[in-house]
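Participant: Structure supplied as model-v9.cif; contents: mmCIF, C-alpha atoms.
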data_structure
loop_
_atom_site.group_PDB
_atom_site.id
_atom_site.type_symbol
_atom_site.label_atom_id
_atom_site.label_comp_id
_atom_site.auth_asym_id
_atom_site.auth_seq_id
_atom_site.Cartn_x
_atom_site.Cartn_y
_atom_site.Cartn_z
ATOM 1 C CA MET A 1 9.785 -47.021 -23.638
ATOM 2 C CA THR A 2 7.991 -45.443 -26.571
ATOM 3 C CA ALA A 3 10.174 -42.897 -28.371
ATOM 4 C CA MET A 4 9.019 -39.318 -28.024
ATOM 5 C CA THR A 5 8.730 -38.360 -31.664
ATOM 6 C CA SER A 6 5.980 -36.570 -33.530
ATOM 7 C CA THR A 7 5.926 -39.382 -36.137
ATOM 8 C CA SER A 8 5.084 -42.150 -33.648
ATOM 9 C CA PRO A 9 1.886 -43.984 -34.706
ATOM 10 C CA GLN A 10 0.532 -43.387 -31.195
ATOM 11 C CA THR A 11 0.906 -39.622 -31.415
ATOM 12 C CA PRO A 12 -2.341 -37.814 -32.297
ATOM 13 C CA PRO A 13 -2.059 -35.109 -34.961
ATOM 14 C CA ALA A 14 -1.139 -31.852 -33.221
ATOM 15 C CA ALA A 15 -4.018 -29.915 -34.753
ATOM 16 C CA SER A 16 -6.534 -32.376 -33.320
ATOM 17 C CA LEU A 17 -5.381 -31.509 -29.801
ATOM 18 C CA HIS A 18 -5.260 -27.720 -30.035
ATOM 19 C CA THR A 19 -8.939 -26.838 -30.296
ATOM 20 C CA PRO A 20 -10.295 -29.090 -27.509
ATOM 21 C CA VAL A 21 -7.499 -28.221 -25.061
ATOM 22 C CA ILE A 22 -7.664 -24.471 -25.682
ATOM 23 C CA GLY A 23 -11.469 -24.596 -25.617
ATOM 24 C CA TRP A 24 -11.366 -26.394 -22.258
ATOM 25 C CA PHE A 25 -8.962 -23.761 -20.944
ATOM 26 C CA GLU A 26 -11.251 -20.920 -21.982
ATOM 27 C CA GLN A 27 -14.006 -22.457 -19.853
ATOM 28 C CA HIS A 28 -12.092 -23.823 -16.868
ATOM 29 C CA ALA A 29 -8.942 -21.745 -16.359
ATOM 30 C CA ARG A 30 -8.482 -20.464 -12.825
ATOM 31 C CA ASP A 31 -8.653 -16.706 -12.316
ATOM 32 C CA LEU A 32 -5.094 -16.172 -11.103
ATOM 33 C CA PRO A 33 -3.643 -12.678 -10.598
ATOM 34 C CA TRP A 34 -0.639 -13.246 -12.853
ATOM 35 C CA ARG A 35 -2.986 -14.117 -15.722
ATOM 36 C CA ARG A 36 -4.738 -10.760 -15.582
ATOM 37 C CA PRO A 37 -3.638 -8.013 -17.982
ATOM 38 C CA GLU A 38 -2.670 -5.682 -15.147
ATOM 39 C CA ALA A 39 -0.051 -8.167 -13.918
ATOM 40 C CA GLY A 40 2.252 -7.253 -16.787
ATOM 41 C CA ALA A 41 5.503 -8.976 -17.575
ATOM 42 C CA TRP A 42 6.926 -8.334 -14.101
ATOM 43 C CA GLY A 43 3.938 -10.006 -12.454
ATOM 44 C CA VAL A 44 4.347 -12.992 -14.752
ATOM 45 C CA MET A 45 8.054 -13.233 -13.967
ATOM 46 C CA VAL A 46 7.490 -13.041 -10.207
ATOM 47 C CA SER A 47 4.850 -15.778 -10.425
ATOM 48 C CA GLU A 48 7.146 -18.047 -12.422
ATOM 49 C CA PHE A 49 9.898 -17.774 -9.820
ATOM 50 C CA MET A 50 7.469 -18.411 -6.972
ATOM 51 C CA LEU A 51 5.597 -21.298 -8.574
ATOM 52 C CA GLN A 52 8.669 -23.474 -9.102
ATOM 53 C CA GLN A 53 8.094 -26.520 -6.883
ATOM 54 C CA THR A 54 5.458 -24.604 -4.881
ATOM 55 C CA PRO A 55 1.647 -24.943 -5.113
ATOM 56 C CA VAL A 56 -0.545 -22.038 -6.156
ATOM 57 C CA SER A 57 -2.321 -21.885 -2.779
ATOM 58 C CA ARG A 58 0.942 -21.100 -0.987
ATOM 59 C CA VAL A 59 2.124 -18.641 -3.630
ATOM 60 C CA LEU A 60 -0.985 -16.441 -3.827
ATOM 61 C CA PRO A 61 -0.654 -14.452 -0.569
ATOM 62 C CA VAL A 62 3.109 -13.971 -0.937
ATOM 63 C CA TYR A 63 2.699 -12.915 -4.579
ATOM 64 C CA GLU A 64 0.108 -10.278 -3.678
ATOM 65 C CA GLN A 65 2.291 -8.860 -0.896
ATOM 66 C CA TRP A 66 5.375 -8.883 -3.127
ATOM 67 C CA LEU A 67 3.728 -6.951 -5.963
ATOM 68 C CA ALA A 68 2.181 -4.481 -3.539
ATOM 69 C CA ARG A 69 5.621 -3.736 -2.117
ATOM 70 C CA TRP A 70 7.633 -3.999 -5.356
ATOM 71 C CA PRO A 71 5.323 -3.243 -8.296
ATOM 72 C CA ARG A 72 8.269 -2.806 -10.685
ATOM 73 C CA PRO A 73 11.677 -4.482 -10.976
ATOM 74 C CA ALA A 74 13.454 -1.258 -10.014
ATOM 75 C CA ASP A 75 11.577 -1.182 -6.710
ATOM 76 C CA LEU A 76 12.969 -4.562 -5.755
ATOM 77 C CA ALA A 77 16.421 -3.772 -7.159
ATOM 78 C CA ALA A 78 16.674 -0.748 -4.841
ATOM 79 C CA GLU A 79 16.292 -2.935 -1.742
ATOM 80 C CA ALA A 80 18.894 -5.171 -0.081
ATOM 81 C CA PRO A 81 18.768 -8.793 -1.237
ATOM 82 C CA GLY A 82 18.053 -9.800 2.348
ATOM 83 C CA GLU A 83 14.698 -8.037 2.107
ATOM 84 C CA ALA A 84 13.769 -10.299 -0.790
ATOM 85 C CA VAL A 85 14.664 -13.321 1.351
ATOM 86 C CA ARG A 86 12.600 -11.894 4.230
ATOM 87 C CA ALA A 87 9.562 -11.278 2.034
ATOM 88 C CA TRP A 88 9.868 -14.756 0.510
ATOM 89 C CA GLY A 89 8.644 -16.075 3.834
ATOM 90 C CA ARG A 90 8.020 -19.817 3.961
ATOM 91 C CA LEU A 91 7.699 -20.485 0.237
ATOM 92 C CA GLY A 92 10.770 -22.684 0.378
ATOM 93 C CA TYR A 93 13.854 -22.840 -1.850
ATOM 94 C CA PRO A 94 14.770 -19.259 -0.826
ATOM 95 C CA ARG A 95 17.622 -18.999 -3.319
ATOM 96 C CA ARG A 96 14.846 -18.193 -5.763
ATOM 97 C CA ALA A 97 14.378 -14.910 -3.895
ATOM 98 C CA LEU A 98 18.042 -14.003 -4.419
ATOM 99 C CA ARG A 99 17.824 -14.953 -8.091
ATOM 100 C CA LEU A 100 14.721 -12.838 -8.580
ATOM 101 C CA HIS A 101 16.447 -9.927 -6.870
ATOM 102 C CA GLY A 102 19.455 -10.353 -9.169
ATOM 103 C CA ALA A 103 17.203 -10.446 -12.219
ATOM 104 C CA ALA A 104 15.465 -7.256 -11.064
ATOM 105 C CA GLN A 105 18.808 -5.503 -10.719
ATOM 106 C CA ALA A 106 19.829 -6.569 -14.219
ATOM 107 C CA ILE A 107 16.481 -5.425 -15.640
ATOM 108 C CA ALA A 108 16.914 -2.030 -13.983
ATOM 109 C CA GLU A 109 20.501 -1.675 -15.239
ATOM 110 C CA ARG A 110 20.221 -3.122 -18.741
ATOM 111 C CA HIS A 111 16.606 -2.596 -19.818
ATOM 112 C CA GLY A 112 15.481 0.652 -18.230
ATOM 113 C CA GLY A 113 13.404 -1.163 -15.630
ATOM 114 C CA ASP A 114 11.175 -3.015 -18.118
ATOM 115 C CA VAL A 115 11.191 -6.800 -18.359
ATOM 116 C CA PRO A 116 12.653 -7.534 -21.814
ATOM 117 C CA SER A 117 10.413 -9.199 -24.368
ATOM 118 C CA GLN A 118 13.016 -11.118 -26.364
ATOM 119 C CA HIS A 119 13.722 -14.706 -25.339
ATOM 120 C CA ALA A 120 17.499 -14.246 -25.678
ATOM 121 C CA GLN A 121 17.440 -11.151 -23.465
ATOM 122 C CA LEU A 122 15.385 -12.961 -20.841
ATOM 123 C CA LEU A 123 17.737 -15.920 -20.922
ATOM 124 C CA ALA A 124 20.701 -13.581 -20.376
ATOM 125 C CA LEU A 125 19.275 -12.344 -17.066
ATOM 126 C CA PRO A 126 20.822 -13.886 -13.936
ATOM 127 C CA GLY A 127 18.739 -16.652 -12.433
ATOM 128 C CA ILE A 128 16.683 -17.174 -15.614
ATOM 129 C CA GLY A 129 16.806 -20.586 -17.270
ATOM 130 C CA GLU A 130 15.248 -21.906 -20.457
ATOM 131 C CA TYR A 131 11.899 -22.676 -18.857
ATOM 132 C CA THR A 132 11.437 -19.258 -17.209
ATOM 133 C CA ALA A 133 12.575 -17.373 -20.316
ATOM 134 C CA ALA A 134 10.099 -19.305 -22.469
ATOM 135 C CA ALA A 135 7.291 -18.895 -19.925
ATOM 136 C CA VAL A 136 7.699 -15.116 -19.612
ATOM 137 C CA ALA A 137 8.023 -14.633 -23.380
ATOM 138 C CA SER A 138 4.926 -16.748 -23.928
ATOM 139 C CA PHE A 139 2.624 -15.728 -21.067
ATOM 140 C CA ALA A 140 3.602 -12.053 -20.865
ATOM 141 C CA TYR A 141 4.279 -11.275 -24.519
ATOM 142 C CA GLY A 142 2.216 -13.868 -26.403
ATOM 143 C CA GLN A 143 5.156 -15.384 -28.235
ATOM 144 C CA ARG A 144 5.545 -18.888 -29.660
ATOM 145 C CA HIS A 145 7.738 -20.991 -27.365
ATOM 146 C CA ALA A 146 7.638 -24.513 -25.981
ATOM 147 C CA VAL A 147 6.993 -24.098 -22.248
ATOM 148 C CA LEU A 148 7.817 -27.357 -20.496
ATOM 149 C CA ASP A 149 7.029 -27.532 -16.826
ATOM 150 C CA THR A 150 6.202 -30.730 -14.915
ATOM 151 C CA ASN A 151 2.492 -30.502 -15.696
ATOM 152 C CA VAL A 152 2.976 -29.982 -19.435
ATOM 153 C CA ARG A 153 5.547 -32.774 -19.638
ATOM 154 C CA ARG A 154 3.099 -35.172 -17.979
ATOM 155 C CA VAL A 155 0.266 -34.234 -20.376
ATOM 156 C CA PHE A 156 2.520 -34.762 -23.388
ATOM 157 C CA ALA A 157 3.927 -38.029 -22.032
ATOM 158 C CA ARG A 158 0.438 -39.465 -21.642
ATOM 159 C CA ALA A 159 -1.437 -37.927 -24.557
ATOM 160 C CA ALA A 160 1.286 -38.148 -27.190
ATOM 161 C CA THR A 161 3.615 -40.984 -26.222
ATOM 162 C CA GLY A 162 1.482 -43.327 -24.168
ATOM 163 C CA ILE A 163 3.524 -43.393 -20.958
ATOM 164 C CA GLN A 164 2.269 -42.502 -17.498
ATOM 165 C CA TYR A 165 5.114 -40.210 -16.433
ATOM 166 C CA PRO A 166 7.863 -38.285 -18.226
ATOM 167 C CA PRO A 167 11.549 -38.880 -17.384
ATOM 168 C CA ASN A 168 12.910 -37.308 -14.210
ATOM 169 C CA ALA A 169 14.837 -34.727 -16.264
ATOM 170 C CA THR A 170 13.635 -33.036 -19.448
ATOM 171 C CA THR A 171 15.075 -34.736 -22.534
ATOM 172 C CA ALA A 172 15.879 -33.552 -26.054
ATOM 173 C CA ALA A 173 13.097 -35.824 -27.314
ATOM 174 C CA GLU A 174 10.570 -34.065 -25.102
ATOM 175 C CA ARG A 175 11.678 -30.663 -26.375
ATOM 176 C CA LYS A 176 11.403 -31.882 -29.975
ATOM 177 C CA LEU A 177 7.904 -33.202 -29.331
ATOM 178 C CA ALA A 178 6.841 -29.967 -27.601
ATOM 179 C CA ARG A 179 8.007 -27.924 -30.587
ATOM 180 C CA ALA A 180 6.181 -30.270 -32.975
ATOM 181 C CA LEU A 181 2.944 -29.838 -31.022
ATOM 182 C CA LEU A 182 3.060 -26.018 -30.988
ATOM 183 C CA PRO A 183 0.413 -24.201 -33.027
ATOM 184 C CA GLU A 184 1.903 -22.073 -35.793
ATOM 185 C CA GLU A 185 0.322 -18.752 -34.770
ATOM 186 C CA ASP A 186 2.046 -16.930 -31.908
ATOM 187 C CA GLU A 187 -1.087 -16.041 -29.966
ATOM 188 C CA ARG A 188 -2.548 -19.534 -30.275
ATOM 189 C CA ALA A 189 0.779 -21.098 -29.307
ATOM 190 C CA ALA A 190 0.907 -18.972 -26.160
ATOM 191 C CA ARG A 191 -2.662 -20.012 -25.314
ATOM 192 C CA TRP A 192 -1.755 -23.656 -25.917
ATOM 193 C CA ALA A 193 1.184 -23.346 -23.518
ATOM 194 C CA ALA A 194 -1.054 -22.000 -20.755
ATOM 195 C CA ALA A 195 -3.828 -24.489 -21.513
ATOM 196 C CA THR A 196 -1.653 -27.606 -21.388
ATOM 197 C CA MET A 197 -0.123 -26.391 -18.118
ATOM 198 C CA GLU A 198 -3.573 -25.903 -16.594
ATOM 199 C CA LEU A 199 -4.758 -29.281 -17.883
ATOM 200 C CA GLY A 200 -1.858 -30.982 -16.109
ATOM 201 C CA ALA A 201 -2.492 -29.042 -12.921
ATOM 202 C CA LEU A 202 -6.235 -29.665 -12.688
ATOM 203 C CA VAL A 203 -7.112 -32.816 -14.646
ATOM 204 C CA CYS A 204 -4.107 -34.827 -15.859
ATOM 205 C CA THR A 205 -2.580 -34.833 -12.405
ATOM 206 C CA ALA A 206 0.276 -37.008 -11.186
ATOM 207 C CA ARG A 207 -2.141 -39.142 -9.156
ATOM 208 C CA ASN A 208 -5.878 -39.701 -9.472
ATOM 209 C CA GLU A 209 -6.110 -38.235 -12.959
ATOM 210 C CA ASP A 210 -9.689 -37.368 -13.986
ATOM 211 C CA CYS A 211 -9.980 -38.691 -17.519
ATOM 212 C CA ASP A 212 -13.752 -38.115 -17.531
ATOM 213 C CA ARG A 213 -13.055 -34.356 -17.452
ATOM 214 C CA CYS A 214 -10.230 -34.414 -19.994
ATOM 215 C CA PRO A 215 -11.013 -32.774 -23.336
ATOM 216 C CA ILE A 216 -8.610 -35.089 -25.196
ATOM 217 C CA ALA A 217 -9.319 -38.365 -23.402
ATOM 218 C CA SER A 218 -10.543 -39.948 -26.638
ATOM 219 C CA ARG A 219 -7.198 -39.135 -28.290
ATOM 220 C CA CYS A 220 -4.886 -39.894 -25.335
ATOM 221 C CA ALA A 221 -2.333 -42.549 -26.262
ATOM 222 C CA TRP A 222 -1.867 -43.670 -22.652
ATOM 223 C CA ARG A 223 -5.594 -44.082 -22.035
ATOM 224 C CA LEU A 224 -6.116 -45.857 -25.364
ATOM 225 C CA ALA A 225 -3.322 -48.271 -24.455
ATOM 226 C CA GLY A 226 -5.115 -49.211 -21.233
ATOM 227 C CA LYS A 227 -3.101 -46.934 -18.956
ATOM 228 C CA PRO A 228 0.013 -49.122 -18.697
ATOM 229 C CA ALA A 229 1.889 -48.702 -15.425
ATOM 230 C CA TYR A 230 5.072 -46.659 -15.407
ATOM 231 C CA GLU A 231 8.176 -48.823 -15.960
ATOM 232 C CA GLY A 232 10.922 -46.194 -16.026
ATOM 233 C CA PRO A 233 13.499 -45.375 -13.354
ATOM 234 C CA PRO A 234 12.167 -44.582 -9.866
ATOM 235 C CA ARG A 235 10.506 -41.210 -9.682
ATOM 236 C CA LYS A 236 12.067 -38.686 -7.355
ATOM 237 C CA GLY A 237 10.250 -38.331 -4.056
ATOM 238 C CA GLN A 238 10.441 -35.309 -1.814
ATOM 239 C CA THR A 239 11.063 -35.552 1.906
ATOM 240 C CA TYR A 240 11.348 -32.670 4.334
ATOM 241 C CA ALA A 241 11.178 -33.724 7.983
ATOM 242 C CA GLY A 242 14.617 -34.101 9.481
ATOM 243 C CA THR A 243 16.473 -32.953 6.388
ATOM 244 C CA ASP A 244 18.980 -30.127 6.007
ATOM 245 C CA ARG A 245 16.213 -28.275 4.158
ATOM 246 C CA GLN A 246 14.120 -28.257 7.310
ATOM 247 C CA VAL A 247 17.050 -27.030 9.400
ATOM 248 C CA ARG A 248 17.827 -24.287 6.884
ATOM 249 C CA GLY A 249 14.193 -23.214 6.975
ATOM 250 C CA ARG A 250 14.206 -22.905 10.754
ATOM 251 C CA LEU A 251 17.441 -20.938 10.785
ATOM 252 C CA LEU A 252 16.154 -18.564 8.113
ATOM 253 C CA ALA A 253 12.878 -18.107 10.005
ATOM 254 C CA VAL A 254 14.815 -16.715 12.989
ATOM 255 C CA LEU A 255 16.695 -14.269 10.761
ATOM 256 C CA ARG A 256 13.576 -13.203 8.851
ATOM 257 C CA ASP A 257 11.775 -12.356 12.075
ATOM 258 C CA ALA A 258 14.689 -10.355 13.502
ATOM 259 C CA LEU A 259 15.190 -6.676 12.714
ATOM 260 C CA ASN A 260 18.777 -6.768 13.999
ATOM 261 C CA PRO A 261 21.648 -9.247 13.644
ATOM 262 C CA VAL A 262 21.096 -12.479 15.553
ATOM 263 C CA PRO A 263 23.566 -14.100 18.001
ATOM 264 C CA GLN A 264 24.721 -17.666 17.478
ATOM 265 C CA ALA A 265 22.793 -18.810 20.555
ATOM 266 C CA ALA A 266 19.468 -17.837 18.947
ATOM 267 C CA LEU A 267 20.265 -20.026 15.960
ATOM 268 C CA ASP A 268 21.522 -22.901 18.096
ATOM 269 C CA ALA A 269 18.152 -23.022 19.850
ATOM 270 C CA VAL A 270 16.181 -24.028 16.736
ATOM 271 C CA TRP A 271 17.835 -27.415 16.116
ATOM 272 C CA GLU A 272 19.286 -29.800 18.660
ATOM 273 C CA GLU A 273 21.772 -31.759 16.525
ATOM 274 C CA PRO A 274 24.915 -29.562 16.303
ATOM 275 C CA VAL A 275 26.639 -31.125 13.279
ATOM 276 C CA GLN A 276 23.572 -30.901 11.046
ATOM 277 C CA ARG A 277 22.802 -27.417 12.333
ATOM 278 C CA ALA A 278 26.318 -26.202 11.560
ATOM 279 C CA ARG A 279 26.206 -27.809 8.107
ATOM 280 C CA ALA A 280 22.892 -26.121 7.318
ATOM 281 C CA LEU A 281 24.152 -22.738 8.497
ATOM 282 C CA ASP A 282 27.355 -23.092 6.478
ATOM 283 C CA GLY A 283 25.232 -23.911 3.449
ATOM 284 C CA LEU A 284 23.098 -20.807 3.926
ATOM 285 C CA VAL A 285 26.225 -18.663 4.144
ATOM 286 C CA ALA A 286 27.719 -20.298 1.051
ATOM 287 C CA ASP A 287 24.485 -19.701 -0.871
ATOM 288 C CA GLY A 288 24.524 -15.995 0.016
ATOM 289 C CA LEU A 289 21.329 -16.254 2.048
ATOM 290 C CA VAL A 290 22.973 -15.444 5.382
ATOM 291 C CA GLU A 291 25.776 -13.010 6.153
ATOM 292 C CA PRO A 292 28.107 -13.733 9.116
ATOM 293 C CA LEU A 293 29.436 -10.723 11.022
ATOM 294 C CA ALA A 294 32.798 -10.339 12.723
ATOM 295 C CA ASP A 295 31.243 -10.349 16.199
ATOM 296 C CA GLY A 296 29.728 -13.813 15.716
ATOM 297 C CA ARG A 297 26.235 -12.638 14.851
ATOM 298 C CA TYR A 298 24.310 -13.315 11.629
ATOM 299 C CA ARG A 299 21.902 -11.370 9.428
ATOM 300 C CA LEU A 300 20.180 -11.522 6.060
ATOM 301 C CA PRO A 301 22.436 -10.187 3.274
ATOM 302 C CA LEU A 302 22.670 -6.457 2.666
ATOM 303 C CA THR A 303 24.603 -6.615 -0.619
#
Starting from the file, give its structure as structure tokens.
Facilitator:
Amino acid sequence: MTAMTSTSPQTPPAASLHTPVIGWFEQHARDLPWRRPEAGAWGVMVSEFMLQQTPVSRVLPVYEQWLARWPRPADLAAEAPGEAVRAWGRLGYPRRALRLHGAAQAIAERHGGDVPSQHAQLLALPGIGEYTAAAVASFAYGQRHAVLDTNVRRVFARAATGIQYPPNATTAAERKLARALLPEEDERAARWAAATMELGALVCTARNEDCDRCPIASRCAWRLAGKPAYEGPPRKGQTYAGTDRQVRGRLLAVLRDALNPVPQAALDAVWEEPVQRARALDGLVADGLVEPLADGRYRLPLT
């Protein structure tokens, strides 16, 4: 596998990529609510939590409802965490709702209700990892950070290193390359981060990439090499039907729709296999998404 270094002979000079990619973004970027000035840092943060492993089309209606109900972190922090889980709806991976609620509480307590602008302060919030801290600092505050989501990693893997797909997990070499490709100016670096993400989402997609629409096709190392097939370890696939994830989703759906605690029988009715159902329910309790009561009923968490 080609090493991911900025000195590789296959790697185009960083400056030669910036102008065409950013120029393409200026013309083709989607008008998304979290990209508008009125979204603010809180809107950007909410979108980053929701967009993890979830397509934009599913996020949009939930995002709009969320911001209408909780326009500031303190508004969410004042509610029970179970309300965040309820409002999360069917976005999937509902622990993100609890993490966002925890971050809102910390913002209200530590930062006067305003999303902090410093990367280190963002990273210190509960539920915030390196990617989210970099994304909020970049997209909300125009700072210079390497923002590496799946789409960006795929663009860099193809354009700069000549391989079809990046590794399953982000590597130190990828981070080094991303830093080497960053424009020097803060504002331009933030634009580059958004532009490469959009390029991966719309053009340099995982399947059926549209090289004819790509602004850097003539410089792309993978395309110039004849698009060699991926030879790395098997890529992770996602299944849902019949998994514990599906069972958890059905159990949570019952609790989200109920205004009062739910008896065990109501949960038993959503999945026939008792061992898997019990395992999924135990997992929800362990994750803090469901609260068992002494009388055998269950509810979304209040604290």
Participant: Using only C-alpha atoms, find the one residue out of A:Pro94, A:Pro261, A:Pro71, A:Gly129 that sits nearest to Gly249 (chain A).
Facilitator: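 Residue with the minimum atom-to-atom distance to Gly249 (chain A): A:Pro94.
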Participant: Here's the selection I'm unsure about, the PyMOL selection byres ((chain A and resi 113) around 10); applied to the file above, which residues does it give, as number ranges by chain?
Facilitator: A: 42, 72-75, 77, 104-112, 114-116
Participant: Those selected residues, please, written with C-alpha atoms and delivered as a PDB file, in the coordinates of the input.
Facilitator:
ATOM      1  CA  TRP A  42       6.926  -8.334 -14.101  1.00  0.00           C
ATOM      2  CA  ARG A  72       8.269  -2.806 -10.685  1.00  0.00           C
ATOM      3  CA  PRO A  73      11.677  -4.482 -10.976  1.00  0.00           C
ATOM      4  CA  ALA A  74      13.454  -1.258 -10.014  1.00  0.00           C
ATOM      5  CA  ASP A  75      11.577  -1.182  -6.710  1.00  0.00           C
ATOM      6  CA  ALA A  77      16.421  -3.772  -7.159  1.00  0.00           C
ATOM      7  CA  ALA A 104      15.465  -7.256 -11.064  1.00  0.00           C
ATOM      8  CA  GLN A 105      18.808  -5.503 -10.719  1.00  0.00           C
ATOM      9  CA  ALA A 106      19.829  -6.569 -14.219  1.00  0.00           C
ATOM     10  CA  ILE A 107      16.481  -5.425 -15.640  1.00  0.00           C
ATOM     11  CA  ALA A 108      16.914  -2.030 -13.983  1.00  0.00           C
ATOM     12  CA  GLU A 109      20.501  -1.675 -15.239  1.00  0.00           C
ATOM     13  CA  ARG A 110      20.221  -3.122 -18.741  1.00  0.00           C
ATOM     14  CA  HIS A 111      16.606  -2.596 -19.818  1.00  0.00           C
ATOM     15  CA  GLY A 112      15.481   0.652 -18.230  1.00  0.00           C
ATOM     16  CA  ASP A 114      11.175  -3.015 -18.118  1.00  0.00           C
ATOM     17  CA  VAL A 115      11.191  -6.800 -18.359  1.00  0.00           C
ATOM     18  CA  PRO A 116      12.653  -7.534 -21.814  1.00  0.00           C
TER      19      PRO A 116
END
Participant: Choose the residue, out of A:Ala29, A:Leu293, A:Ala173, A:Leu17, that has the smallest atom-to-atom separation from Val203 (chain A); count all atoms listed in the file.
Facilitator: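 Smallest distance to Val203 (chain A) is found for A:Ala29.
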Participant: Could you spell out the hits of the PyMOL selection byres ((chain A and resi 265) around 12) on the shown file, as number ranges by chain?
Facilitator: A: 251, 254, 261-264, 266-272, 274, 277, 296-298
Participant: Quick one: which residues end up in the PyMOL selection byres ((chain A and resi 61-65) around 9) for this structure, as a VMD selection string?
Facilitator: chain A and resid 33 to 34 43 46 to 47 50 57 to 60 66 to 70 87 to 89 91
Participant: Record the distance separating CA of Gly283 (chain A) and CA of Arg96 (chain A), expressed in Å with one decimal.
Facilitator: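 Between CA of Gly283 (chain A) and CA of Arg96 (chain A) the gap is 15.0 Å.
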Participant: Please compute the CA of Pro81 (chain A)-CA of Ala133 (chain A) distance, one decimal, in Å.
Facilitator: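 Taking CA of Pro81 (chain A) as the start and CA of Ala133 (chain A) as the end point, the length is 21.8 Å.
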Participant: Box time for region 230-237 of chain A: axis-aligned, enclosing all its listed atoms, 4 Å extra on each side; report centre and edge lengths in Å to one decimal, as JSON.
Facilitator:
{"center_x": 9.3, "center_y": -43.6, "center_z": -10.0, "size_x": 16.4, "size_y": 18.5, "size_z": 20.0}
Participant: What separation in Å, quoted to one decimal, exists between CA of Gly127 (chain A) and CA of Arg299 (chain A)?
Facilitator: 22.7 Å
Participant: Would you mind listing what lies within 8 Å of region 220-227 of chain A as an NGL selection string, with all atoms listed in the file counted and same-chain residues fewer than 6 positions away left out?
Facilitator: :A and (10-12 or 158-164)
Participant: For a quick check of understanding, using all atoms listed in the file, which of A:Asp282, A:Asp244, A:Glu198, A:Glu231 has the smallest distance to His28 (chain A)?
Facilitator: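 Among the listed residues, A:Glu198 lies closest to His28 (chain A).
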Participant: Applying 9 Å and all atoms listed in the file, which residues near Leu289 (chain A) remain after dropping the ones on its own chain fewer than 2 positions away? List them as a PDB file with C-alpha atoms, in the frame of the given file.
Facilitator:
ATOM      1  CA  PRO A  81      18.768  -8.793  -1.237  1.00  0.00           C
ATOM      2  CA  GLY A  82      18.053  -9.800   2.348  1.00  0.00           C
ATOM      3  CA  VAL A  85      14.664 -13.321   1.351  1.00  0.00           C
ATOM      4  CA  PRO A  94      14.770 -19.259  -0.826  1.00  0.00           C
ATOM      5  CA  ARG A  95      17.622 -18.999  -3.319  1.00  0.00           C
ATOM      6  CA  LEU A  98      18.042 -14.003  -4.419  1.00  0.00           C
ATOM      7  CA  LEU A 252      16.154 -18.564   8.113  1.00  0.00           C
ATOM      8  CA  GLY A 283      25.232 -23.911   3.449  1.00  0.00           C
ATOM      9  CA  LEU A 284      23.098 -20.807   3.926  1.00  0.00           C
ATOM     10  CA  VAL A 285      26.225 -18.663   4.144  1.00  0.00           C
ATOM     11  CA  ALA A 286      27.719 -20.298   1.051  1.00  0.00           C
ATOM     12  CA  ASP A 287      24.485 -19.701  -0.871  1.00  0.00           C
ATOM     13  CA  GLU A 291      25.776 -13.010   6.153  1.00  0.00           C
ATOM     14  CA  ARG A 299      21.902 -11.370   9.428  1.00  0.00           C
ATOM     15  CA  LEU A 300      20.180 -11.522   6.060  1.00  0.00           C
ATOM     16  CA  PRO A 301      22.436 -10.187   3.274  1.00  0.00           C
TER      17      PRO A 301
END
Participant: Would you be able to write out as a PyMOL selection string which residues have an atom within 12 Å of (14.0, -31.4, 1.4) in the file's coordinates, counting all atoms listed in the file?
Facilitator: chain A and resi 53+92-93+236-249+280
Participant: How about saving the chosen residues, C-alpha atoms kept, as a short mmCIF file (atom, residue, chain, number, x, y, z; two decimals), keeping the file's coordinate frame?
Facilitator:
data_model
loop_
_atom_site.label_atom_id
_atom_site.label_comp_id
_atom_site.auth_asym_id
_atom_site.auth_seq_id
_atom_site.Cartn_x
_atom_site.Cartn_y
_atom_site.Cartn_z
CA GLN A 53 8.09 -26.52 -6.88
CA GLY A 92 10.77 -22.68 0.38
CA TYR A 93 13.85 -22.84 -1.85
CA LYS A 236 12.07 -38.69 -7.36
CA GLY A 237 10.25 -38.33 -4.06
CA GLN A 238 10.44 -35.31 -1.81
CA THR A 239 11.06 -35.55 1.91
CA TYR A 240 11.35 -32.67 4.33
CA ALA A 241 11.18 -33.72 7.98
CA GLY A 242 14.62 -34.10 9.48
CA THR A 243 16.47 -32.95 6.39
CA ASP A 244 18.98 -30.13 6.01
CA ARG A 245 16.21 -28.28 4.16
CA GLN A 246 14.12 -28.26 7.31
CA VAL A 247 17.05 -27.03 9.40
CA ARG A 248 17.83 -24.29 6.88
CA GLY A 249 14.19 -23.21 6.98
CA ALA A 280 22.89 -26.12 7.32
#
